[in-house]
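A.B. asks: Before we start, here is the structure in question, set down as structure tokens.
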Protein chains: 2
Amino acid sequence: MTVQESGAEPRAAGMKDVAAAAGVSLGTVSNVLNRPDRVSPATRAKVEAAMTALRFVRNESARQLRAGRSRVLAYVMLDGSNPFFTDVAAGMEDTADAGDLSLFLCNSAHQPSREAAYLGRLEQQRVQGILITPVDPDAPLLGEIARRGTPVVVVDRTPGGTTHCSVAVDDVYGGELAVRHLIEQGHERIAFIGNHTTVGQVRDRRLGALRALQAAGLGPDRLVDLTTTALTVADGRGAGERLAGLPAAVRPTAAFCANDLVALGLLQTCANLRMRVPQDLAIVGYDDIEFAAAAAVPLTSVRQPRRRLGRTAAELLLAEAEPGHEHRQVVFTPELVVRASTLR
Amino acid sequence: MTVQESGAEPRAAGMKDVAAAAGVSLGTVSNVLNRPDRVSPATRAKVEAAMTALRFVRNESARQLRAGRSRVLAYVMLDGSNPFFTDVAAGMEDTADAGDLSLFLCNSAHQPSREAAYLGRLEQQRVQGILITPVDPDAPLLGEIARRGTPVVVVDRTPGGTTHCSVAVDDVYGGELAVRHLIEQGHERIAFIGNHTTVGQVRDRRLGALRALQAAGLGPDRLVDLTTTALTVADGRGAGERLAGLPAAVRPTAAFCANDLVALGLLQTCANLRMRVPQDLAIVGYDDIEFAAAAAVPLTSVRQPRRRLGRTAAELLLAEAEPGHEHRQVVFTPELVVRASTLR
DNA sequence: CCTCCGGATTGAAAGGTTTCACAAACCTGG
DNA sequence: CCAGGTTTGTGAAACCTTTCAATCCGGAGG
């Protein structure tokens, strides 16, 4: 009977084993790995041969232990199933790649407990920094982590204090853009669909909507609130039904949705109920996710520079490592992308 | 001038510092952490007090170094912006949570180089196991990693060999379901939209489609291939235009799309070109992502048990740790969800 | 009073890497 | 042939935790 290839390996080879096999010292192996130019070509070849022969895999734990810090960034995202956040993450990856770092994604799925669990693990892992779109941007935990030495950058929220850097988009302005556009299209009674009582984000967008009304000389009563519990497609569908149920006299002729998922849900209800978009109801979404342009009636939406948001966030995070670092709050300006859902 | 709170911290406190502060030995601190019942309540209280006072954070690197293995699972996904994969990841999180493990997500974005980079990092991190939907399921790298000792489970692909476990869905059957349904609806000339030449997955779905035709006594020429480069919404749009450009005599009356993104793109082109769905063109998608039901014309789609797929994959991964482990290939059965896009 | 027992605590070793001061070998030019 | 400089290579310490055999101590039983 021949020896099985797949038999229990004796033990993973370490640098020590490599050194022994190559007939050099431990320090030399380390040099091959970290400062190849300090090693003569001949020795380097010997060592590299030994490494492949022994199937050597560098032990990152030991490395980190020594270095005190890992080569990993992490993004704790609020909702992994929302394309907005995955696009933001893609931007972070751009920056991480450039700095030869890994980006790990964690999905808190709106649950504070999971968010906390991930944060704890990441801190213990001594990640180089944490990017996060938090459930609650003012939770004390974030400040504690930053104080204990792990840089934290808040993404797409602006925290009250200035314990850390943050990157966000001007949501008040975004809301203003959306509603100004609707007013220009002749609408004077506009639904606002979202959960502005619970999410700061959405509150700001609604605030912008009110500003736009005011600027046009219209009273705040022209904004009809259809409050949802979250910002999903299903919430949008539900709001659409409520909206359709309003008596014609008070029914808005346009809707500003707190995000595109809600807008898509609303759009679907409209299709079901034979309400024409934009003739019977104009719709503006928010985020301009890929599916917004791909909808049956392409959706007018407020676009945030998502990828850029992510890139910048990661850059700020890396900048934290530098000595005289000042926390910065970067705010990007959104833009309105006009499509068929508001153009009669 | 008062001392700044935020001044440069002297150094992160380790267990040694905690031990000194609490007036106990290092071993005792470790016991408080790992075997609290072995420590008298009084001592434990002292130690815990010292830990909070010093803001002690356990160093996971050192822990892993000693243990030889980390408490982390990782999923390297093919496309972070495709909701299908984020749903699969959610299922994995269910299992990971239950086992008190963290799940880190990595997005290869279809790029072999990024996939390889992540795999290398994960292996170096000594993660407990790797879940992966690979760009190429037969790439030798996966086998090498498994051989070196990091368990690998292939998700949503079935690799040729049996070097590792895998979890997949029967794509041939899924394709069969889709096309059988279209035939039942009276269609006899059906477009297949996807990149079957490059992706095994898609090849299987197409194979199923051919089987369904055969079972109905229709020749393989009834399947009209509209080949795409990838499976995005844009690809679907493009295919739609090509399809619309076909002379009426040969133009299919139904389309089976290799995934929902493509189907949504196709749907949009139909709307633009005033082709009615399903009257002028019936459409079946694949994956049944959330947006499929939310489309203007809700999409008939082949649903895969995504979350279950993820859960099972993670379970298989954990099972690898057990001594007498045999690699298993689990295959789930998809189901057809019929909606308006195929019902005249 | 002594022994023995068991629970609580200790001390030291181990785990794989990086770093750094130092030694060895080699080369340049006088 | 030697002084001085440069290139290579070495050895040991340090990073922080876990583990485990050994020690300590108070009390029960003889």
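Order determines the names: the first chain of the structure tokens is A, the second B, and so forth; residues in each chain are numbered 1 upward, and ligands are numbered 1 upward as they are shown.
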Since chain A and chain B share a sequence, can you fit the second onto the first over all C-alpha atoms in order and output it as a JSON list (two decimals) with C-alpha atoms, in the first residue's frame?

C.D. replies:
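As written to disk, superposed.json reads:
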[["chain", "number", "residue", "atom", "x", "y", "z"],
["B", 1, "MET", "CA", -0.65, -0.05, -0.39],
["B", 2, "THR", "CA", 0.73, 3.32, -1.35],
["B", 3, "VAL", "CA", 0.77, 6.31, 0.90],
["B", 4, "GLN", "CA", -2.21, 8.55, 0.35],
["B", 5, "GLU", "CA", -1.31, 11.98, -0.95],
["B", 6, "SER", "CA", -4.13, 13.45, 1.01],
["B", 7, "GLY", "CA", -3.12, 11.91, 4.31],
["B", 8, "ALA", "CA", -3.01, 14.03, 7.42],
["B", 9, "GLU", "CA", -0.23, 16.53, 6.89],
["B", 10, "PRO", "CA", 2.36, 16.41, 9.63],
["B", 11, "ARG", "CA", 2.21, 20.12, 10.41],
["B", 12, "ALA", "CA", 2.24, 23.32, 8.43],
["B", 13, "ALA", "CA", 5.81, 24.41, 7.73],
["B", 14, "GLY", "CA", 7.03, 27.60, 9.37],
["B", 15, "MET", "CA", 10.00, 29.77, 8.67],
["B", 16, "LYS", "CA", 12.04, 27.63, 10.99],
["B", 17, "ASP", "CA", 11.44, 24.59, 8.82],
["B", 18, "VAL", "CA", 12.27, 26.57, 5.72],
["B", 19, "ALA", "CA", 15.48, 27.76, 7.30],
["B", 20, "ALA", "CA", 16.47, 24.23, 8.22],
["B", 21, "ALA", "CA", 15.66, 22.90, 4.77],
["B", 22, "ALA", "CA", 17.62, 25.65, 3.07],
["B", 23, "GLY", "CA", 20.49, 25.40, 5.53],
["B", 24, "VAL", "CA", 20.33, 29.01, 6.62],
["B", 25, "SER", "CA", 19.24, 30.85, 9.72],
["B", 26, "LEU", "CA", 15.80, 32.05, 10.59],
["B", 27, "GLY", "CA", 16.83, 35.66, 10.16],
["B", 28, "THR", "CA", 17.86, 35.02, 6.59],
["B", 29, "VAL", "CA", 14.51, 33.56, 5.71],
["B", 30, "SER", "CA", 12.89, 36.64, 7.16],
["B", 31, "ASN", "CA", 15.19, 38.79, 5.07],
["B", 32, "VAL", "CA", 14.25, 36.93, 1.91],
["B", 33, "LEU", "CA", 10.65, 37.75, 2.70],
["B", 34, "ASN", "CA", 10.99, 41.34, 3.80],
["B", 35, "ARG", "CA", 14.22, 42.71, 2.39],
["B", 36, "PRO", "CA", 15.18, 40.52, -0.55],
["B", 37, "ASP", "CA", 17.88, 42.94, -1.64],
["B", 38, "ARG", "CA", 19.86, 42.27, 1.50],
["B", 39, "VAL", "CA", 20.27, 38.65, 0.58],
["B", 40, "SER", "CA", 22.68, 37.26, -1.98],
["B", 41, "PRO", "CA", 20.95, 35.87, -5.06],
["B", 42, "ALA", "CA", 22.29, 32.38, -4.41],
["B", 43, "THR", "CA", 20.92, 32.17, -0.89],
["B", 44, "ARG", "CA", 17.69, 33.70, -1.91],
["B", 45, "ALA", "CA", 17.20, 31.06, -4.57],
["B", 46, "LYS", "CA", 17.90, 28.30, -2.06],
["B", 47, "VAL", "CA", 15.42, 29.71, 0.39],
["B", 48, "GLU", "CA", 12.75, 30.26, -2.19],
["B", 49, "ALA", "CA", 13.14, 26.71, -3.40],
["B", 50, "ALA", "CA", 12.71, 25.44, 0.14],
["B", 51, "MET", "CA", 9.62, 27.55, 0.56],
["B", 52, "THR", "CA", 7.83, 26.09, -2.41],
["B", 53, "ALA", "CA", 8.99, 22.58, -1.58],
["B", 54, "LEU", "CA", 7.56, 22.84, 1.91],
["B", 55, "ARG", "CA", 4.47, 24.75, 0.74],
["B", 56, "PHE", "CA", 5.29, 27.50, 3.13],
["B", 57, "VAL", "CA", 2.51, 29.98, 3.88],
["B", 58, "ARG", "CA", 3.39, 33.04, 5.84],
["B", 59, "ASN", "CA", 1.56, 33.25, 9.12],
["B", 60, "GLU", "CA", -0.16, 36.57, 9.20],
["B", 61, "SER", "CA", -1.15, 36.25, 12.85],
["B", 62, "ALA", "CA", 2.42, 36.06, 14.00],
["B", 63, "ARG", "CA", 3.29, 38.88, 11.71],
["B", 64, "GLN", "CA", 0.57, 41.07, 13.07],
["B", 65, "LEU", "CA", 1.45, 40.18, 16.58],
["B", 66, "ARG", "CA", 4.91, 41.49, 16.05],
["B", 67, "ALA", "CA", 3.84, 44.49, 14.00],
["B", 68, "GLY", "CA", 0.97, 45.36, 16.32],
["B", 69, "ARG", "CA", -1.29, 46.15, 13.40],
["B", 70, "SER", "CA", -2.76, 44.22, 10.52],
["B", 71, "ARG", "CA", -2.95, 44.97, 6.84],
["B", 72, "VAL", "CA", -6.71, 44.93, 6.76],
["B", 73, "LEU", "CA", -9.40, 47.54, 6.48],
["B", 74, "ALA", "CA", -12.99, 46.70, 7.21],
["B", 75, "TYR", "CA", -16.27, 48.22, 6.17],
["B", 76, "VAL", "CA", -19.24, 47.52, 8.35],
["B", 77, "MET", "CA", -22.16, 48.21, 6.10],
["B", 78, "LEU", "CA", -25.70, 48.88, 7.06],
["B", 79, "ASP", "CA", -27.34, 46.74, 4.44],
["B", 80, "GLY", "CA", -25.43, 44.34, 2.24],
["B", 81, "SER", "CA", -28.36, 43.81, -0.02],
["B", 82, "ASN", "CA", -28.67, 47.46, -0.93],
["B", 83, "PRO", "CA", -26.61, 48.12, -4.06],
["B", 84, "PHE", "CA", -25.78, 51.56, -2.80],
["B", 85, "PHE", "CA", -23.54, 50.15, -0.13],
["B", 86, "THR", "CA", -21.85, 47.63, -2.34],
["B", 87, "ASP", "CA", -20.95, 50.46, -4.69],
["B", 88, "VAL", "CA", -19.51, 52.45, -1.83],
["B", 89, "ALA", "CA", -17.53, 49.37, -0.91],
["B", 90, "ALA", "CA", -16.19, 49.14, -4.44],
["B", 91, "GLY", "CA", -14.77, 52.63, -4.05],
["B", 92, "MET", "CA", -13.07, 51.64, -0.83],
["B", 93, "GLU", "CA", -11.55, 48.69, -2.58],
["B", 94, "ASP", "CA", -9.98, 51.04, -5.10],
["B", 95, "THR", "CA", -8.13, 52.79, -2.33],
["B", 96, "ALA", "CA", -7.30, 49.64, -0.41],
["B", 97, "ASP", "CA", -5.87, 47.94, -3.47],
["B", 98, "ALA", "CA", -3.66, 50.92, -4.11],
["B", 99, "GLY", "CA", -2.22, 50.66, -0.61],
["B", 100, "ASP", "CA", -1.79, 46.88, -0.76],
["B", 101, "LEU", "CA", -4.39, 46.36, 1.91],
["B", 102, "SER", "CA", -7.33, 44.00, 2.06],
["B", 103, "LEU", "CA", -10.85, 45.22, 2.56],
["B", 104, "PHE", "CA", -13.18, 42.98, 4.48],
["B", 105, "LEU", "CA", -16.88, 43.60, 4.32],
["B", 106, "CYS", "CA", -19.20, 43.04, 7.25],
["B", 107, "ASN", "CA", -22.94, 43.31, 7.03],
["B", 108, "SER", "CA", -24.71, 44.58, 10.11],
["B", 109, "ALA", "CA", -28.10, 44.33, 8.35],
["B", 110, "HIS", "CA", -29.44, 47.19, 10.47],
["B", 111, "GLN", "CA", -29.04, 45.19, 13.67],
["B", 112, "PRO", "CA", -27.21, 47.01, 16.43],
["B", 113, "SER", "CA", -26.25, 43.72, 18.03],
["B", 114, "ARG", "CA", -24.58, 42.44, 14.90],
["B", 115, "GLU", "CA", -22.89, 45.73, 14.37],
["B", 116, "ALA", "CA", -21.50, 45.61, 17.87],
["B", 117, "ALA", "CA", -20.36, 42.03, 17.42],
["B", 118, "TYR", "CA", -18.49, 42.89, 14.25],
["B", 119, "LEU", "CA", -16.93, 45.96, 15.78],
["B", 120, "GLY", "CA", -15.71, 43.91, 18.70],
["B", 121, "ARG", "CA", -14.17, 41.31, 16.45],
["B", 122, "LEU", "CA", -12.54, 43.89, 14.24],
["B", 123, "GLU", "CA", -11.06, 45.68, 17.17],
["B", 124, "GLN", "CA", -9.70, 42.43, 18.49],
["B", 125, "GLN", "CA", -8.27, 41.67, 15.09],
["B", 126, "ARG", "CA", -6.41, 44.97, 15.37],
["B", 127, "VAL", "CA", -7.53, 45.98, 11.91],
["B", 128, "GLN", "CA", -5.83, 49.05, 10.59],
["B", 129, "GLY", "CA", -9.08, 50.94, 10.60],
["B", 130, "ILE", "CA", -12.82, 50.66, 10.50],
["B", 131, "LEU", "CA", -15.13, 52.20, 7.96],
["B", 132, "ILE", "CA", -18.71, 52.12, 9.06],
["B", 133, "THR", "CA", -22.18, 53.21, 8.14],
["B", 134, "PRO", "CA", -23.59, 52.87, 11.62],
["B", 135, "VAL", "CA", -27.09, 52.10, 12.66],
["B", 136, "ASP", "CA", -26.80, 54.99, 15.06],
["B", 137, "PRO", "CA", -24.02, 57.45, 14.28],
["B", 138, "ASP", "CA", -24.03, 58.79, 17.80],
["B", 139, "ALA", "CA", -23.64, 55.45, 19.55],
["B", 140, "PRO", "CA", -20.90, 55.83, 22.14],
["B", 141, "LEU", "CA", -19.26, 52.59, 21.06],
["B", 142, "LEU", "CA", -17.72, 54.24, 18.02],
["B", 143, "GLY", "CA", -16.05, 56.89, 20.09],
["B", 144, "GLU", "CA", -14.72, 54.32, 22.50],
["B", 145, "ILE", "CA", -13.15, 52.32, 19.73],
["B", 146, "ALA", "CA", -11.52, 55.39, 18.28],
["B", 147, "ARG", "CA", -10.24, 56.36, 21.71],
["B", 148, "ARG", "CA", -8.75, 52.92, 22.20],
["B", 149, "GLY", "CA", -6.71, 53.41, 19.07],
["B", 150, "THR", "CA", -8.50, 51.97, 16.07],
["B", 151, "PRO", "CA", -9.25, 54.72, 13.58],
["B", 152, "VAL", "CA", -12.90, 54.99, 12.62],
["B", 153, "VAL", "CA", -14.40, 56.77, 9.65],
["B", 154, "VAL", "CA", -18.15, 57.22, 9.48],
["B", 155, "VAL", "CA", -19.55, 56.83, 6.01],
["B", 156, "ASP", "CA", -22.72, 58.42, 4.70],
["B", 157, "ARG", "CA", -23.69, 59.78, 8.08],
["B", 158, "THR", "CA", -22.46, 62.80, 9.93],
["B", 159, "PRO", "CA", -22.00, 62.11, 13.59],
["B", 160, "GLY", "CA", -22.67, 64.79, 16.12],
["B", 161, "GLY", "CA", -19.27, 65.05, 17.70],
["B", 162, "THR", "CA", -15.93, 65.11, 15.93],
["B", 163, "THR", "CA", -14.36, 62.03, 17.43],
["B", 164, "HIS", "CA", -13.67, 60.75, 13.95],
["B", 165, "CYS", "CA", -13.59, 61.63, 10.30],
["B", 166, "SER", "CA", -16.70, 61.28, 8.26],
["B", 167, "VAL", "CA", -17.74, 61.32, 4.66],
["B", 168, "ALA", "CA", -21.27, 62.11, 3.71],
["B", 169, "VAL", "CA", -23.46, 63.59, 1.07],
["B", 170, "ASP", "CA", -25.51, 66.71, 1.61],
["B", 171, "ASP", "CA", -28.89, 65.14, 2.08],
["B", 172, "VAL", "CA", -30.70, 68.37, 2.74],
["B", 173, "TYR", "CA", -29.54, 69.66, -0.59],
["B", 174, "GLY", "CA", -30.46, 66.36, -2.25],
["B", 175, "GLY", "CA", -33.99, 66.62, -0.94],
["B", 176, "GLU", "CA", -34.15, 70.20, -2.11],
["B", 177, "LEU", "CA", -33.04, 69.22, -5.61],
["B", 178, "ALA", "CA", -35.65, 66.54, -5.85],
["B", 179, "VAL", "CA", -38.59, 68.60, -4.74],
["B", 180, "ARG", "CA", -37.53, 71.73, -6.57],
["B", 181, "HIS", "CA", -37.58, 69.65, -9.73],
["B", 182, "LEU", "CA", -41.06, 68.36, -8.95],
["B", 183, "ILE", "CA", -42.30, 71.88, -8.33],
["B", 184, "GLU", "CA", -40.82, 73.00, -11.61],
["B", 185, "GLN", "CA", -42.80, 70.23, -13.24],
["B", 186, "GLY", "CA", -45.93, 71.82, -11.85],
["B", 187, "HIS", "CA", -46.59, 69.65, -8.83],
["B", 188, "GLU", "CA", -47.95, 71.35, -5.75],
["B", 189, "ARG", "CA", -48.85, 68.45, -3.53],
["B", 190, "ILE", "CA", -46.03, 66.02, -2.95],
["B", 191, "ALA", "CA", -45.80, 62.81, -0.98],
["B", 192, "PHE", "CA", -42.73, 62.07, 1.08],
["B", 193, "ILE", "CA", -42.21, 58.37, 1.55],
["B", 194, "GLY", "CA", -39.71, 57.15, 4.10],
["B", 195, "ASN", "CA", -38.93, 56.66, 7.76],
["B", 196, "HIS", "CA", -37.76, 60.14, 8.66],
["B", 197, "THR", "CA", -38.52, 59.72, 12.31],
["B", 198, "THR", "CA", -35.89, 57.04, 12.79],
["B", 199, "VAL", "CA", -33.15, 57.72, 10.25],
["B", 200, "GLY", "CA", -31.21, 60.98, 10.34],
["B", 201, "GLN", "CA", -30.47, 60.66, 6.71],
["B", 202, "VAL", "CA", -34.07, 60.56, 5.73],
["B", 203, "ARG", "CA", -34.91, 63.39, 8.09],
["B", 204, "ASP", "CA", -32.45, 65.57, 6.21],
["B", 205, "ARG", "CA", -33.89, 64.67, 2.85],
["B", 206, "ARG", "CA", -37.30, 65.62, 4.09],
["B", 207, "LEU", "CA", -35.95, 68.84, 5.49],
["B", 208, "GLY", "CA", -34.61, 69.68, 2.04],
["B", 209, "ALA", "CA", -37.98, 68.94, 0.58],
["B", 210, "LEU", "CA", -39.59, 71.41, 2.97],
["B", 211, "ARG", "CA", -37.03, 74.04, 2.08],
["B", 212, "ALA", "CA", -37.79, 73.66, -1.60],
["B", 213, "LEU", "CA", -41.47, 74.12, -0.89],
["B", 214, "GLN", "CA", -40.77, 77.17, 1.15],
["B", 215, "ALA", "CA", -38.55, 78.65, -1.53],
["B", 216, "ALA", "CA", -41.42, 78.23, -3.96],
["B", 217, "GLY", "CA", -43.79, 79.95, -1.60],
["B", 218, "LEU", "CA", -45.68, 76.76, -0.78],
["B", 219, "GLY", "CA", -46.59, 75.80, 2.76],
["B", 220, "PRO", "CA", -45.27, 72.74, 4.56],
["B", 221, "ASP", "CA", -48.74, 71.23, 4.43],
["B", 222, "ARG", "CA", -48.10, 70.53, 0.77],
["B", 223, "LEU", "CA", -45.81, 67.70, 1.83],
["B", 224, "VAL", "CA", -47.83, 64.58, 2.59],
["B", 225, "ASP", "CA", -45.97, 62.15, 4.82],
["B", 226, "LEU", "CA", -46.34, 58.46, 4.14],
["B", 227, "THR", "CA", -44.16, 57.02, 6.84],
["B", 228, "THR", "CA", -42.62, 53.57, 6.40],
["B", 229, "THR", "CA", -40.87, 51.30, 8.85],
["B", 230, "ALA", "CA", -37.83, 50.71, 6.67],
["B", 231, "LEU", "CA", -36.66, 51.49, 3.16],
["B", 232, "THR", "CA", -37.33, 48.33, 1.22],
["B", 233, "VAL", "CA", -39.19, 47.54, -1.96],
["B", 234, "ALA", "CA", -42.01, 46.11, 0.15],
["B", 235, "ASP", "CA", -42.29, 49.37, 2.09],
["B", 236, "GLY", "CA", -42.62, 51.19, -1.20],
["B", 237, "ARG", "CA", -45.38, 48.87, -2.33],
["B", 238, "GLY", "CA", -47.25, 49.41, 0.91],
["B", 239, "ALA", "CA", -46.92, 53.17, 0.72],
["B", 240, "GLY", "CA", -48.19, 53.04, -2.83],
["B", 241, "GLU", "CA", -51.35, 51.33, -1.75],
["B", 242, "ARG", "CA", -51.91, 53.83, 1.00],
["B", 243, "LEU", "CA", -51.33, 56.63, -1.44],
["B", 244, "ALA", "CA", -53.74, 55.22, -3.99],
["B", 245, "GLY", "CA", -56.33, 54.96, -1.25],
["B", 246, "LEU", "CA", -56.33, 58.71, -0.59],
["B", 247, "PRO", "CA", -59.30, 60.69, -1.88],
["B", 248, "ALA", "CA", -58.48, 62.40, -5.15],
["B", 249, "ALA", "CA", -58.83, 65.84, -3.61],
["B", 250, "VAL", "CA", -55.88, 65.37, -1.28],
["B", 251, "ARG", "CA", -53.91, 62.81, -3.23],
["B", 252, "PRO", "CA", -50.44, 64.06, -4.18],
["B", 253, "THR", "CA", -49.50, 64.18, -7.82],
["B", 254, "ALA", "CA", -45.89, 63.39, -7.14],
["B", 255, "ALA", "CA", -43.86, 61.34, -4.70],
["B", 256, "PHE", "CA", -40.37, 61.83, -3.37],
["B", 257, "CYS", "CA", -39.06, 58.51, -2.05],
["B", 258, "ALA", "CA", -36.32, 58.28, 0.54],
["B", 259, "ASN", "CA", -34.49, 55.77, -1.59],
["B", 260, "ASP", "CA", -34.72, 53.93, -4.88],
["B", 261, "LEU", "CA", -35.89, 50.67, -3.40],
["B", 262, "VAL", "CA", -38.95, 52.40, -2.04],
["B", 263, "ALA", "CA", -39.43, 54.15, -5.36],
["B", 264, "LEU", "CA", -39.29, 50.86, -7.22],
["B", 265, "GLY", "CA", -41.87, 49.38, -4.92],
["B", 266, "LEU", "CA", -44.07, 52.38, -5.45],
["B", 267, "LEU", "CA", -43.61, 52.11, -9.19],
["B", 268, "GLN", "CA", -44.73, 48.53, -9.10],
["B", 269, "THR", "CA", -47.88, 49.34, -7.19],
["B", 270, "CYS", "CA", -48.62, 52.03, -9.74],
["B", 271, "ALA", "CA", -48.30, 49.49, -12.53],
["B", 272, "ASN", "CA", -50.61, 47.11, -10.71],
["B", 273, "LEU", "CA", -53.22, 49.76, -10.03],
["B", 274, "ARG", "CA", -53.03, 51.17, -13.54],
["B", 275, "MET", "CA", -51.73, 54.51, -12.36],
["B", 276, "ARG", "CA", -49.61, 55.98, -15.10],
["B", 277, "VAL", "CA", -46.17, 57.30, -14.26],
["B", 278, "PRO", "CA", -45.56, 60.19, -14.55],
["B", 279, "GLN", "CA", -49.01, 61.33, -15.73],
["B", 280, "ASP", "CA", -50.92, 60.21, -12.65],
["B", 281, "LEU", "CA", -47.98, 60.18, -10.30],
["B", 282, "ALA", "CA", -44.48, 61.49, -10.81],
["B", 283, "ILE", "CA", -41.77, 59.69, -8.83],
["B", 284, "VAL", "CA", -38.34, 60.71, -7.66],
["B", 285, "GLY", "CA", -36.04, 58.22, -5.96],
["B", 286, "TYR", "CA", -32.79, 58.62, -4.14],
["B", 287, "ASP", "CA", -29.39, 56.94, -4.65],
["B", 288, "ASP", "CA", -29.64, 56.29, -8.39],
["B", 289, "ILE", "CA", -28.81, 52.62, -8.05],
["B", 290, "GLU", "CA", -28.36, 50.66, -11.22],
["B", 291, "PHE", "CA", -31.90, 49.37, -11.11],
["B", 292, "ALA", "CA", -33.27, 52.90, -11.10],
["B", 293, "ALA", "CA", -32.29, 53.41, -14.71],
["B", 294, "ALA", "CA", -33.34, 49.87, -15.52],
["B", 295, "ALA", "CA", -36.89, 50.18, -14.26],
["B", 296, "ALA", "CA", -39.78, 49.92, -16.68],
["B", 297, "VAL", "CA", -40.25, 53.64, -16.32],
["B", 298, "PRO", "CA", -36.71, 54.84, -15.75],
["B", 299, "LEU", "CA", -36.55, 56.56, -12.45],
["B", 300, "THR", "CA", -35.57, 60.14, -11.78],
["B", 301, "SER", "CA", -33.24, 59.93, -8.83],
["B", 302, "VAL", "CA", -30.79, 61.87, -6.71],
["B", 303, "ARG", "CA", -27.37, 60.50, -7.41],
["B", 304, "GLN", "CA", -24.72, 60.36, -4.78],
["B", 305, "PRO", "CA", -21.11, 59.92, -5.80],
["B", 306, "ARG", "CA", -21.03, 56.48, -4.21],
["B", 307, "ARG", "CA", -17.77, 55.18, -5.44],
["B", 308, "ARG", "CA", -16.04, 58.44, -4.71],
["B", 309, "LEU", "CA", -17.61, 58.39, -1.27],
["B", 310, "GLY", "CA", -15.97, 55.05, -0.62],
["B", 311, "ARG", "CA", -12.63, 56.04, -2.04],
["B", 312, "THR", "CA", -12.50, 59.21, 0.00],
["B", 313, "ALA", "CA", -13.56, 57.44, 3.17],
["B", 314, "ALA", "CA", -10.75, 54.94, 2.82],
["B", 315, "GLU", "CA", -8.28, 57.71, 2.10],
["B", 316, "LEU", "CA", -9.31, 59.56, 5.22],
["B", 317, "LEU", "CA", -8.86, 56.37, 7.16],
["B", 318, "LEU", "CA", -5.34, 55.89, 5.91],
["B", 319, "ALA", "CA", -4.59, 59.52, 6.68],
["B", 320, "GLU", "CA", -5.43, 58.89, 10.32],
["B", 321, "ALA", "CA", -2.19, 57.02, 10.68],
["B", 322, "GLU", "CA", -0.19, 60.17, 10.06],
["B", 323, "PRO", "CA", 1.06, 62.00, 13.13],
["B", 324, "GLY", "CA", -0.57, 65.43, 13.25],
["B", 325, "HIS", "CA", -3.96, 64.28, 12.11],
["B", 326, "GLU", "CA", -7.06, 66.43, 12.33],
["B", 327, "HIS", "CA", -10.46, 64.82, 11.95],
["B", 328, "ARG", "CA", -12.26, 66.02, 8.87],
["B", 329, "GLN", "CA", -15.90, 65.98, 7.85],
["B", 330, "VAL", "CA", -16.16, 65.74, 4.09],
["B", 331, "VAL", "CA", -19.49, 66.47, 2.49],
["B", 332, "PHE", "CA", -20.20, 65.74, -1.15],
["B", 333, "THR", "CA", -22.89, 67.34, -3.22],
["B", 334, "PRO", "CA", -25.50, 65.12, -4.85],
["B", 335, "GLU", "CA", -26.97, 65.71, -8.28],
["B", 336, "LEU", "CA", -30.34, 65.09, -9.80],
["B", 337, "VAL", "CA", -30.63, 62.62, -12.64],
["B", 338, "VAL", "CA", -33.82, 63.29, -14.52],
["B", 339, "ARG", "CA", -35.51, 60.41, -16.29],
["B", 340, "ALA", "CA", -38.94, 59.46, -17.55],
["B", 341, "SER", "CA", -40.61, 59.04, -14.16],
["B", 342, "THR", "CA", -40.99, 62.80, -13.78],
["B", 343, "LEU", "CA", -41.13, 64.08, -17.34],
["B", 344, "ARG", "CA", -44.60, 64.41, -18.73]]

A.B. asks: Give me the residues near DA25 in chain C as number ranges by chain, where near means some atom within 10 Å (using only C-alpha atoms (C1' of nucleotides)) and where sequence neighbours in that chain fewer than 2 positions away do not count.

C.D. replies: C: 23, 27; D: 7-9

A.B. asks: Residues of chain C were defined as contacting chain A if any atom lay at most 9 Å from it, counting only C-alpha atoms (C1' of nucleotides); please report them as a short mmCIF file (atom, residue, chain, number, x, y, z; two decimals) with N, CA and C atoms (P, O5', C5', C4', C3', O3' and C1' of nucleotides), in the first residue's frame.

C.D. replies:
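Listing of iface34.cif after writing:
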data_model
loop_
_atom_site.label_atom_id
_atom_site.label_comp_id
_atom_site.auth_asym_id
_atom_site.auth_seq_id
_atom_site.Cartn_x
_atom_site.Cartn_y
_atom_site.Cartn_z
P DG C 15 6.13 25.04 19.86
"O5'" DG C 15 5.18 25.78 18.85
"C5'" DG C 15 3.81 26.03 19.14
"C4'" DG C 15 3.44 27.38 18.60
"C3'" DG C 15 4.38 27.91 17.51
"O3'" DG C 15 3.85 27.62 16.21
"C1'" DG C 15 3.76 29.61 19.08
P DG C 16 4.90 27.34 15.03
"O5'" DG C 16 5.08 28.78 14.39
"C5'" DG C 16 3.97 29.36 13.73
"C4'" DG C 16 4.37 30.71 13.20
"C3'" DG C 16 5.60 30.71 12.29
"O3'" DG C 16 5.33 31.56 11.19
"C1'" DG C 16 5.96 32.16 14.13
P DT C 17 6.40 31.86 10.07
"O5'" DT C 17 6.75 33.37 10.39
"C5'" DT C 17 5.76 34.36 10.18
"C4'" DT C 17 6.09 35.61 10.96
"C3'" DT C 17 7.22 36.45 10.37
"O3'" DT C 17 6.62 37.50 9.61
"C1'" DT C 17 7.31 36.32 12.78
P DT C 18 7.56 38.47 8.76
"O5'" DT C 18 8.14 39.47 9.87
"C5'" DT C 18 7.27 40.43 10.44
"C4'" DT C 18 8.06 41.28 11.42
"C3'" DT C 18 9.18 42.12 10.78
"O3'" DT C 18 9.03 43.44 11.28
"C1'" DT C 18 10.03 40.85 12.59
#
